[in-house]
$ cat structure35.cif   # mmCIF, C-alpha atoms
data_work
#
loop_
_atom_site.label_atom_id
_atom_site.label_comp_id
_atom_site.auth_asym_id
_atom_site.auth_seq_id
_atom_site.Cartn_x
_atom_site.Cartn_y
_atom_site.Cartn_z
CA MET A 208 -24.67 -12.80 -75.51
CA PRO A 209 -21.18 -13.80 -76.64
CA LYS A 210 -18.43 -12.95 -74.29
CA THR A 211 -16.16 -10.17 -75.53
CA SER A 212 -12.51 -9.75 -74.74
CA SER A 213 -13.27 -6.64 -72.74
CA ASP A 214 -15.57 -8.67 -70.46
CA ARG A 215 -12.80 -11.14 -69.83
CA ALA A 216 -10.38 -8.33 -69.09
CA LEU A 217 -12.81 -6.80 -66.61
CA ARG A 218 -13.37 -10.14 -64.85
CA LEU A 219 -9.62 -10.69 -64.64
CA ALA A 220 -9.11 -7.23 -63.23
CA ILE A 221 -11.79 -7.79 -60.56
CA ALA A 222 -10.33 -11.18 -59.61
CA ALA A 223 -6.86 -9.72 -59.42
CA ALA A 224 -8.05 -6.82 -57.29
CA ALA A 225 -9.88 -9.19 -54.96
CA GLY A 226 -6.81 -11.40 -54.73
CA LEU A 227 -4.62 -8.44 -53.94
CA ALA A 228 -7.08 -7.24 -51.31
CA VAL A 229 -7.11 -10.64 -49.59
CA ALA A 230 -3.33 -10.84 -49.75
CA GLY A 231 -3.07 -7.29 -48.43
CA VAL A 232 -5.37 -7.90 -45.48
CA THR A 233 -3.56 -11.14 -44.64
CA THR A 234 -0.17 -9.42 -44.77
CA PHE A 235 -1.46 -6.58 -42.63
CA ALA A 236 -2.91 -9.00 -40.09
CA LEU A 237 0.39 -10.90 -39.89
CA ALA A 238 2.51 -7.78 -39.65
CA ALA A 239 0.40 -6.02 -37.05
CA PRO A 240 -1.50 -8.31 -34.67
CA SER A 241 -4.33 -6.56 -32.89
CA ALA A 242 -3.28 -4.27 -30.06
CA SER A 243 -5.27 -6.28 -27.53
CA ALA A 244 -3.46 -9.52 -28.43
CA VAL A 245 0.01 -8.00 -28.20
CA ILE A 246 -0.83 -6.20 -24.94
CA ALA A 247 -2.21 -9.40 -23.43
CA GLU A 248 0.90 -11.31 -24.46
CA ARG A 249 3.43 -8.85 -23.05
CA GLN A 250 1.42 -8.49 -19.83
CA ALA A 251 1.31 -12.27 -19.37
CA ASN A 252 5.08 -12.32 -19.98
CA TYR A 253 5.75 -9.57 -17.43
CA LYS A 254 3.67 -11.45 -14.88
CA LYS A 255 5.82 -14.52 -15.45
CA MET A 256 8.88 -12.34 -14.95
CA GLY A 257 7.45 -10.89 -11.73
CA ALA A 258 6.75 -14.39 -10.44
CA ALA A 259 10.30 -15.45 -11.40
CA MET A 260 11.79 -12.42 -9.61
CA LYS A 261 9.79 -13.27 -6.51
CA ALA A 262 10.87 -16.92 -6.78
CA ILE A 263 14.54 -15.87 -6.72
CA LYS A 264 13.95 -13.46 -3.84
CA ASP A 265 12.19 -16.20 -1.85
CA GLN A 266 15.06 -18.59 -2.57
CA LEU A 267 17.66 -16.04 -1.48
CA ALA A 268 15.71 -15.36 1.74
CA GLY A 269 16.07 -18.99 2.79
CA THR A 270 18.50 -21.72 1.79
CA PRO A 271 18.63 -21.38 -2.01
CA GLN A 272 18.04 -24.44 -4.21
CA LYS A 273 20.31 -23.93 -7.21
CA GLY A 274 17.89 -25.59 -9.63
CA ALA A 275 14.98 -23.34 -8.67
CA VAL A 276 17.12 -20.19 -8.95
CA VAL A 277 18.48 -21.22 -12.37
CA ASP A 278 14.96 -22.04 -13.65
CA ALA A 279 13.66 -18.64 -12.61
CA ALA A 280 16.70 -16.84 -14.02
CA GLN A 281 16.25 -18.75 -17.29
CA THR A 282 12.62 -17.60 -17.45
CA LEU A 283 13.76 -13.99 -16.99
CA ALA A 284 16.49 -14.20 -19.61
CA THR A 285 14.21 -15.87 -22.16
CA ILE A 286 11.26 -13.54 -21.72
CA ALA A 287 13.43 -10.40 -21.66
CA ARG A 288 14.32 -11.18 -25.30
CA LYS A 289 10.70 -11.82 -26.29
CA GLN A 290 9.46 -8.52 -24.88
CA THR A 291 11.43 -6.35 -27.31
CA GLY A 292 9.09 -7.26 -30.16
CA LEU A 293 5.90 -6.74 -28.19
CA PHE A 294 5.69 -2.96 -28.15
CA PRO A 295 4.60 -2.12 -31.73
CA ALA A 296 3.38 1.39 -32.47
CA GLY A 297 -0.30 1.73 -31.63
CA SER A 298 -0.24 -0.69 -28.70
CA GLY A 299 -0.42 2.01 -26.03
CA ALA A 300 -3.42 3.28 -24.09
CA SER A 301 -4.57 5.16 -27.23
CA SER A 302 -5.57 1.75 -28.67
CA GLY A 303 -8.45 1.74 -26.19
CA VAL A 304 -7.13 -1.40 -24.51
CA LYS A 305 -6.37 -1.10 -20.80
CA THR A 306 -2.61 -0.88 -20.42
CA ASP A 307 -0.16 0.81 -18.06
CA ALA A 308 2.30 1.30 -20.93
CA LEU A 309 2.85 5.08 -21.16
CA ALA A 310 2.82 7.00 -24.43
CA ASN A 311 6.46 8.08 -24.00
CA ILE A 312 7.52 4.50 -24.84
CA TRP A 313 6.82 5.46 -28.45
CA SER A 314 7.84 9.12 -28.25
CA ASP A 315 11.12 8.35 -26.45
CA ARG A 316 11.73 5.01 -28.09
CA ALA A 317 15.53 5.12 -27.82
CA THR A 318 15.46 5.32 -24.01
CA PHE A 319 12.86 2.57 -23.78
CA ASP A 320 14.83 0.32 -26.13
CA GLY A 321 17.89 1.03 -23.98
CA TYR A 322 16.10 -0.33 -20.92
CA GLN A 323 15.02 -3.42 -22.85
CA LYS A 324 18.60 -4.05 -23.96
CA ASP A 325 19.79 -3.47 -20.41
CA LEU A 326 17.21 -5.98 -19.14
CA ILE A 327 18.48 -8.60 -21.60
CA ALA A 328 22.07 -7.94 -20.47
CA GLN A 329 21.25 -8.02 -16.75
CA THR A 330 19.06 -11.13 -16.89
CA GLY A 331 21.85 -12.81 -18.87
CA LYS A 332 24.33 -11.98 -16.12
CA LEU A 333 21.84 -13.11 -13.49
CA LEU A 334 21.48 -16.46 -15.24
CA ALA A 335 25.28 -16.81 -15.43
CA ALA A 336 25.58 -16.00 -11.72
CA ALA A 337 22.80 -18.47 -10.85
CA ASN A 338 24.63 -21.16 -12.80
CA THR A 339 27.78 -20.65 -10.72
CA GLY A 340 25.72 -21.38 -7.61
CA SER A 341 27.22 -18.38 -5.82
CA ILE A 342 24.65 -16.83 -3.48
CA SER A 343 26.48 -13.50 -3.18
CA ALA A 344 26.92 -13.14 -6.94
CA THR A 345 23.30 -14.14 -7.57
CA THR A 346 22.08 -11.65 -4.95
CA GLU A 347 24.12 -8.89 -6.56
CA ARG A 348 22.87 -9.68 -10.09
CA TYR A 349 19.31 -10.04 -8.76
CA ARG A 350 19.46 -6.53 -7.32
CA ALA A 351 20.91 -5.15 -10.56
CA THR A 352 18.05 -6.74 -12.50
CA GLY A 353 15.46 -5.36 -10.07
CA LYS A 354 16.90 -1.89 -10.56
CA VAL A 355 16.32 -2.09 -14.32
CA CYS A 356 12.69 -3.15 -13.68
CA SER A 357 11.96 -0.28 -11.31
CA ALA A 358 13.90 2.36 -13.26
CA CYS A 359 11.99 1.55 -16.44
CA HIS A 360 8.65 1.30 -14.59
CA LYS A 361 9.20 4.71 -13.02
CA GLU A 362 9.67 6.27 -16.44
CA PHE A 363 7.44 4.25 -18.75
CA ARG A 364 4.72 2.60 -16.68
CA ALA A 365 1.60 4.26 -15.25
CA ASP A 366 1.14 3.50 -11.57
CA MET B 150 5.33 -0.03 41.40
CA ALA B 151 2.75 2.48 42.51
CA PRO B 152 0.46 3.80 39.79
CA VAL B 153 1.24 7.37 38.80
CA SER B 154 -1.73 9.67 38.66
CA SER B 155 -2.26 11.21 35.24
CA THR B 156 -3.42 14.62 36.41
CA SER B 157 -2.66 18.12 35.29
CA GLN B 158 -1.12 20.71 37.57
CA THR B 159 -4.53 21.98 38.62
CA GLY B 160 -5.38 18.52 39.91
CA ARG B 161 -7.94 17.78 37.24
CA PRO B 162 -7.47 14.43 35.47
CA ARG B 163 -6.12 14.60 31.94
CA LEU B 164 -8.68 13.82 29.28
CA TRP B 165 -6.02 12.22 27.07
CA ASP B 166 -2.95 10.67 28.71
CA GLY B 167 0.54 11.30 27.35
CA PRO B 168 1.04 7.89 25.69
CA THR B 169 -2.28 8.24 23.81
CA ARG B 170 -1.36 11.71 22.57
CA LEU B 171 2.09 10.53 21.52
CA PHE B 172 0.43 7.58 19.76
CA HIS B 173 -1.95 9.91 17.93
CA TRP B 174 0.59 12.39 16.60
CA THR B 175 3.21 9.77 15.74
CA LEU B 176 0.50 7.99 13.74
CA VAL B 177 -0.32 11.22 11.88
CA VAL B 178 3.34 11.65 10.93
CA LEU B 179 3.86 8.00 9.93
CA VAL B 180 0.67 7.78 7.83
CA ALA B 181 1.73 10.92 5.98
CA PHE B 182 5.25 9.57 5.57
CA SER B 183 3.97 6.19 4.37
CA TRP B 184 1.82 7.92 1.79
CA TRP B 185 4.77 9.96 0.50
CA SER B 186 7.27 7.07 0.49
CA GLY B 187 4.75 4.78 -1.21
CA GLU B 188 4.06 7.30 -3.97
CA GLU B 189 7.79 7.88 -4.45
CA HIS B 190 8.56 4.13 -4.45
CA GLU B 191 10.97 4.63 -1.56
CA MET B 192 10.17 1.10 -0.46
CA GLU B 193 12.85 0.69 2.19
CA TRP B 194 11.50 3.78 3.99
CA HIS B 195 7.94 2.67 3.27
CA ARG B 196 8.51 -0.69 4.98
CA TRP B 197 10.09 0.92 8.06
CA SER B 198 7.21 3.36 8.29
CA GLY B 199 4.75 0.45 8.05
CA TYR B 200 6.49 -1.42 10.89
CA GLY B 201 6.15 1.74 12.96
CA ILE B 202 2.43 1.93 12.23
CA LEU B 203 2.06 -1.76 13.08
CA ALA B 204 3.68 -1.11 16.47
CA LEU B 205 1.36 1.87 17.04
CA VAL B 206 -1.77 -0.11 16.17
CA VAL B 207 -0.74 -2.99 18.45
CA PHE B 208 -0.03 -0.52 21.25
CA ARG B 209 -3.37 1.25 20.81
CA ILE B 210 -5.31 -2.03 20.91
CA PHE B 211 -3.43 -3.04 24.08
CA TRP B 212 -4.00 0.44 25.53
CA GLY B 213 -7.72 0.05 24.79
CA PHE B 214 -7.73 -2.60 27.50
CA ALA B 215 -4.96 -1.39 29.82
CA GLY B 216 -4.95 2.40 29.45
CA PRO B 217 -6.84 5.12 31.34
CA ALA B 218 -10.66 5.10 31.31
CA THR B 219 -11.19 7.50 28.37
CA VAL B 220 -9.14 5.40 25.92
CA ARG B 221 -10.63 2.03 26.87
CA PHE B 222 -12.83 0.29 24.30
CA ALA B 223 -15.23 -0.71 27.07
CA ARG B 224 -15.84 2.98 27.70
CA PHE B 225 -16.24 4.36 24.19
CA VAL B 226 -17.53 1.50 22.02
CA ARG B 227 -21.27 1.84 22.53
CA GLY B 228 -24.32 -0.12 21.41
CA PRO B 229 -26.68 0.86 18.57
CA ALA B 230 -29.32 2.44 20.86
CA THR B 231 -26.80 4.80 22.46
CA VAL B 232 -25.27 5.64 19.07
CA ALA B 233 -28.72 6.32 17.58
CA ALA B 234 -29.73 8.49 20.53
CA TYR B 235 -26.51 10.48 20.25
CA ALA B 236 -26.86 10.79 16.46
CA ARG B 237 -30.25 12.47 16.93
CA THR B 238 -28.60 15.26 18.93
CA LEU B 239 -25.66 15.61 16.53
CA PHE B 240 -26.88 18.72 14.71
CA LYS B 241 -28.11 20.47 17.85
CA ARG B 242 -26.01 23.57 18.38
CA GLY B 243 -24.10 23.55 21.63
CA GLY B 244 -25.20 20.37 23.26
CA GLU B 245 -23.51 18.35 25.95
CA HIS B 246 -19.74 18.00 25.60
CA VAL B 247 -18.96 14.31 26.09
CA PRO B 248 -15.45 14.08 27.57
CA GLY B 249 -13.47 11.67 25.38
CA HIS B 250 -14.86 9.75 22.41
CA ASN B 251 -18.60 10.31 21.96
CA PRO B 252 -20.76 7.33 20.88
CA LEU B 253 -20.34 8.16 17.17
CA GLY B 254 -16.68 9.15 17.39
CA GLY B 255 -15.91 5.89 19.19
CA TRP B 256 -16.95 3.94 16.12
CA SER B 257 -14.89 6.27 13.96
CA VAL B 258 -11.84 5.31 16.07
CA VAL B 259 -12.68 1.61 15.70
CA ALA B 260 -13.08 2.05 11.92
CA MET B 261 -9.74 3.86 11.58
CA LEU B 262 -7.92 1.25 13.67
CA ALA B 263 -9.52 -1.56 11.66
CA ALA B 264 -8.58 0.11 8.36
CA LEU B 265 -5.00 0.57 9.59
CA ALA B 266 -4.81 -3.07 10.71
CA VAL B 267 -6.01 -4.33 7.29
CA MET B 268 -3.69 -1.85 5.58
CA VAL B 269 -0.61 -3.01 7.50
CA THR B 270 -1.46 -6.70 7.16
CA ALA B 271 -1.98 -6.39 3.40
CA GLY B 272 1.28 -4.43 3.17
CA LEU B 273 3.22 -7.18 4.96
CA PHE B 274 2.15 -9.62 2.22
CA ALA B 275 2.16 -7.22 -0.75
CA VAL B 276 4.35 -7.79 -3.81
CA ASP B 277 5.19 -5.05 -6.31
CA VAL B 278 4.60 -5.60 -10.06
CA ASP B 279 8.25 -6.46 -10.67
CA GLY B 280 8.36 -9.09 -7.91
CA PHE B 281 11.40 -7.23 -6.60
CA GLU B 282 9.92 -5.17 -3.77
CA SER B 283 7.68 -6.92 -1.28
CA GLY B 284 6.54 -7.07 2.31
CA PRO B 285 8.41 -9.39 4.70
CA LEU B 286 5.62 -12.00 4.74
CA ALA B 287 5.30 -12.28 0.95
CA THR B 288 7.63 -15.31 0.94
CA TYR B 289 4.75 -17.34 2.40
CA ILE B 290 2.44 -16.73 -0.58
CA THR B 291 2.54 -16.78 -4.41
CA PHE B 292 3.25 -13.83 -6.70
CA GLU B 293 -0.44 -13.61 -7.69
CA GLN B 294 -1.59 -13.67 -4.06
CA GLY B 295 0.99 -11.00 -3.25
CA ARG B 296 -0.34 -8.85 -6.10
CA SER B 297 -3.87 -9.23 -4.67
CA ALA B 298 -2.54 -8.14 -1.28
CA ALA B 299 -1.04 -5.06 -2.97
CA GLU B 300 -4.45 -4.30 -4.52
CA VAL B 301 -6.14 -4.58 -1.11
CA HIS B 302 -3.40 -2.32 0.27
CA GLU B 303 -4.25 0.28 -2.35
CA VAL B 304 -8.04 0.09 -2.02
CA VAL B 305 -8.02 0.22 1.78
CA PHE B 306 -5.76 3.26 1.63
CA ASN B 307 -8.59 5.16 -0.05
CA VAL B 308 -10.97 3.98 2.69
CA LEU B 309 -8.44 5.20 5.27
CA LEU B 310 -8.15 8.59 3.56
CA ALA B 311 -11.95 8.91 3.61
CA LEU B 312 -12.06 8.06 7.33
CA ILE B 313 -9.30 10.58 8.09
CA ALA B 314 -11.16 13.24 6.10
CA LEU B 315 -14.33 12.46 8.06
CA HIS B 316 -12.37 12.68 11.33
CA VAL B 317 -10.97 16.13 10.48
CA ILE B 318 -14.34 17.38 9.15
CA ALA B 319 -16.01 16.22 12.38
CA ILE B 320 -13.54 18.19 14.49
CA VAL B 321 -14.14 21.34 12.41
CA PHE B 322 -17.90 20.72 12.61
CA TYR B 323 -17.81 20.44 16.42
CA ARG B 324 -15.76 23.65 16.62
CA VAL B 325 -17.87 25.70 14.20
CA TRP B 326 -21.38 24.31 14.68
CA LYS B 327 -21.40 22.98 18.21
CA GLY B 328 -18.83 25.32 19.72
CA GLN B 329 -16.80 22.45 21.18
CA ARG B 330 -13.02 22.55 20.92
CA LEU B 331 -11.75 18.98 20.56
CA LEU B 332 -8.25 19.64 19.23
CA PRO B 333 -6.56 21.32 22.27
CA ALA B 334 -7.16 18.30 24.50
CA MET B 335 -5.24 16.10 22.04
CA LEU B 336 -2.34 18.56 22.26
CA HIS B 337 -2.03 19.32 25.99
CA GLY B 338 -4.24 16.59 27.37
CA ARG B 339 -6.47 18.77 29.58
CA ALA B 340 -10.25 18.68 29.33
CA PRO B 341 -11.87 21.96 28.19
CA ASP B 342 -13.09 24.34 30.91
CA GLY B 343 -16.48 23.43 32.23
CA VAL B 344 -16.29 19.80 31.09
CA GLU B 345 -16.52 17.52 34.09
CA LEU B 346 -14.28 14.47 34.00
CA SER B 347 -14.29 11.90 36.76
CA ALA B 348 -10.83 10.95 38.01
CA ASP B 349 -11.91 7.30 38.36
CA GLY B 350 -9.60 5.01 36.40
CA MET B 351 -7.79 7.93 34.81
CA ARG B 352 -4.35 6.70 35.74
CA VAL B 353 -1.46 5.56 33.63
CA THR B 354 0.06 2.47 35.23
CA TRP B 355 3.71 2.49 34.29
CA TRP B 356 4.26 -1.24 34.20
CA LYS B 357 1.25 -1.64 31.91
CA LEU B 358 2.63 1.11 29.68
CA ALA B 359 6.02 -0.63 29.57
CA LEU B 360 4.34 -3.95 28.78
CA GLY B 361 2.37 -2.34 25.93
CA VAL B 362 5.49 -0.75 24.44
CA ILE B 363 7.44 -4.02 24.64
CA LEU B 364 4.54 -5.99 23.13
CA ALA B 365 4.13 -3.49 20.27
CA GLY B 366 7.87 -3.44 19.57
CA ALA B 367 8.19 -7.22 19.69
CA ILE B 368 5.30 -7.86 17.28
CA ALA B 369 6.48 -5.22 14.80
CA TRP B 370 10.04 -6.57 14.97
CA ALA B 371 8.91 -10.17 14.45
CA ALA B 372 6.77 -9.17 11.45
CA ALA B 373 9.68 -7.21 9.97
CA GLN B 374 11.78 -10.39 10.19
CA GLY B 375 9.02 -12.31 8.42
CA PHE B 376 8.77 -14.46 11.58
CA ARG B 377 12.08 -16.09 10.63
CA PHE B 378 14.46 -15.93 13.54
#
$ encode --input "structure35.cif" --output "C-alpha cells"
Amino acid sequence: MPKTSSDRALRLAIAAAAGLAVAGVTTFALAAPSASAVIAERQANYKKMGAAMKAIKDQLAGTPQKGAVVDAAQTLATIARKQTGLFPAGSGASSGVKTDALANIWSDRATFDGYQKDLIAQTGKLLAAANTGSISATTERYRATGKVCSACHKEFRAD
Amino acid sequence: MAPVSSTSQTGRPRLWDGPTRLFHWTLVVLVAFSWWSGEEHEMEWHRWSGYGILALVVFRIFWGFAGPATVRFARFVRGPATVAAYARTLFKRGGEHVPGHNPLGGWSVVAMLAALAVMVTAGLFAVDVDGFESGPLATYITFEQGRSAAEVHEVVFNVLLALIALHVIAIVFYRVWKGQRLLPAMLHGRAPDGVELSADGMRVTWWKLALGVILAGAIAWAAAQGFRF
C-alpha cells in the first residue's frame, strides 16, 4: 500500500510525542531526584557536620591543633551551604522513606529557611574565628553554632 | 571507731538501714529527673543527674559488700534451686514473709543495678546528633561510636523502665495478693510486725559508710572530669 501523507503525519506526531515524553521524564528526573536519594544525601551531610562539631569540641577540650579546628570548621561552613537545596517538597516522612525531618519544615518554610541561613552565617563566623587561632573566640563561635543546631532540631526534627 | 548498732527504738534491728533507704529514694528522684531532663534536652542538668546516679550505683555496689546483712549480695543473690523453689510458692496467698530481698527480688535488684550501670556508662560516652552535646568520656571515641553509645543509652532506658514497672507491680502484688507490706520498711526501716529478723550483722559501721561515700563521690567526680585532671 502506498504511503499517504496522513500516515506520515501520524508517524511524525507519534515520534514527536514520544520524544517529548522522554524529554519530560528526563527533565522531571533531573529537577526532582527521588526522595530517598535526597534524604540519604542530607543525612550523610549532617553526620559529617556532627562529626566535625565533635572534632572541634574534642580539640577545645585539650590543647587545640589549629589545623584540625580549621578543617572541621571548613567542613561545617561548606556543608551548611549544601543543605539548603536538600529539602525539596515531598522529601519528608510522607515520602515513605525513614526520616526525622518533620512536616513543619514544609508548612513553616520561612522559619526553617531562617535557621539554615543562620547556620551558614554562624559556621562562617566559626571558620573565621578558627582561622584567627583564638581559642576563646573559637569556643564562643562553636557554642553559637551548636545553639543553631539544637534550636532547629527542637523545632523541626523528630526525636 | 566503735560500730553503731542500727536498731530501732524498740531494740529490734532495722530491716533497711538509713544509708540504703536514702540511696533508694535519691535514686528514685534522680532517675525521674534524668528522664525529664533528657526528654527536655536540658543536657547540663541531665549530665549532673547522671553523675549523681553513677555515685549512687557505686555506693550501692560497695554497700553490697560492706553494708548490713540484709543489703549484702552474699545474702540476697541466691542460686537457681533456691530461686526455683521460691518461685513455686510465689502465688500462694499469705506465705512466709522473707525479711529483706526474697530470692526472686534479689535478682530484680541485680538486674536494676546492672541496667543502671550500663545506662550510666553508655551515657558517659554518648554523643548527641549534632555532635554538640556529649558525655564527658566521648572525647575518647569517634562520633559514630558515640552515636552508638547514645542508642544503647536509649534502648537500655526502656529495659530500665520495664524493670521499674515490674518492681512496683511486685510490691502491689505482695500487698494485695500475699498480704505483705513491703513499702513501709523502705520508708521507716523497721521490719513489719511478726517478721523475725536476726540482729546478726545488722550494723552500720560508720567508717565503712564514710569510705563508701568517698569512693562513690571520687569515681563520679573523676568520670565527670573525663578522667583528665
$ atom_distance --input "structure35.cif" --atom1 "CA of Gly274 in chain A" --atom2 "CA of Thr339 in chain A"
11.1 Å
$ interface_residues --input "structure35.cif" --of "chain B" --to "chain A" --cutoff "6 Å" --atoms "all atoms listed in the file" --output "ChimeraX atom specification"
/B:279-281,288,292
$ write_last_selection --input "structure35.cif" --atoms "C-alpha atoms" --output "compact mmCIF listing (two decimals), keeping the file's coordinate frame"
# COMPACT_ATOMS: atom_id res chain seq x y z
CA ASP B 279 8.25 -6.46 -10.67
CA GLY B 280 8.36 -9.09 -7.91
CA PHE B 281 11.40 -7.23 -6.60
CA THR B 288 7.63 -15.31 0.94
CA PHE B 292 3.25 -13.83 -6.70
$ residues_near_point --input "structure35.cif" --point "(-14.8, 20.1, 34.2)" --cutoff "12 Å" --atoms "all atoms listed in the file" --output "number ranges by chain"
B: 159-164, 246-248, 339-348
$ resolve_selection --input "structure35.cif" --expression "the PyMOL selection byres ((chain B and resi 172) around 12)" --output "ChimeraX atom specification"
/B:165-171,173-180,201-210,212,220,335-336,361-362,365
$ axis_aligned_box --input "structure35.cif" --around "range 178-186 of chain B" --padding-each-side "4 Å" --output "JSON"
{"center_x": 4.0, "center_y": 8.9, "center_z": 5.7, "size_x": 14.6, "size_y": 13.5, "size_z": 18.4}
$ resolve_selection --input "structure35.cif" --expression "the PyMOL selection byres ((chain A and resi 277) around 10)" --output "JSON, numbers by chain"
{"A": [263, 272, 273, 274, 275, 276, 278, 279, 280, 281, 282, 283, 333, 334, 335, 336, 337, 338, 339, 340, 345]}
$ closest_residue --input "structure35.cif" --among "B:Val267, B:Leu253, B:Met351, B:Ala215" --to "Gly228 in chain B" --atoms "all atoms listed in the file"
B:Leu253
$ resolve_selection --input "structure35.cif" --expression "the PyMOL selection byres ((chain B and resi 268-274) around 7)" --output "MDAnalysis selection string"
chainID B and resid 199 203 264:267 275:276 284:287 295 298:299 301:302 305:306
$ atom_distance --input "structure35.cif" --atom1 "CA of Ala218 in chain B" --atom2 "CA of Trp356 in chain B"
16.5 Å
$ closest_residue --input "structure35.cif" --among "A:Ala365, A:Ala251, A:Ala284, A:Val304" --to "Lys324 in chain A" --atoms "only C-alpha atoms"
A:Ala284
$ atom_distance --input "structure35.cif" --atom1 "CA of Val317 in chain B" --atom2 "CA of Pro229 in chain B"
23.4 Å
$ residues_around --input "structure35.cif" --residues "Phe294 in chain A" --least-positions-apart "6" --cutoff "9 Å" --atoms "only C-alpha atoms" --output "list in words"
Val245, Ile246, Arg249, Ile312 and Trp313 of chain A
$ residues_around --input "structure35.cif" --residues "Val259 in chain B" --least-positions-apart "5" --cutoff "9 Å" --atoms "all atoms listed in the file" --output "PDB file with C-alpha atoms, keeping the file's coordinate frame"
ATOM      1  CA  PHE B 222     -12.830   0.290  24.300  1.00  0.00           C
ATOM      2  CA  VAL B 226     -17.530   1.500  22.020  1.00  0.00           C
ATOM      3  CA  GLY B 254     -16.680   9.150  17.390  1.00  0.00           C
ATOM      4  CA  ALA B 264      -8.580   0.110   8.360  1.00  0.00           C
TER       5      ALA B 264
END
$ closest_residue --input "structure35.cif" --among "B:Gly366, B:Met192, B:Val353, B:Ala372" --to "Gly216 in chain B" --atoms "all atoms listed in the file"
B:Val353
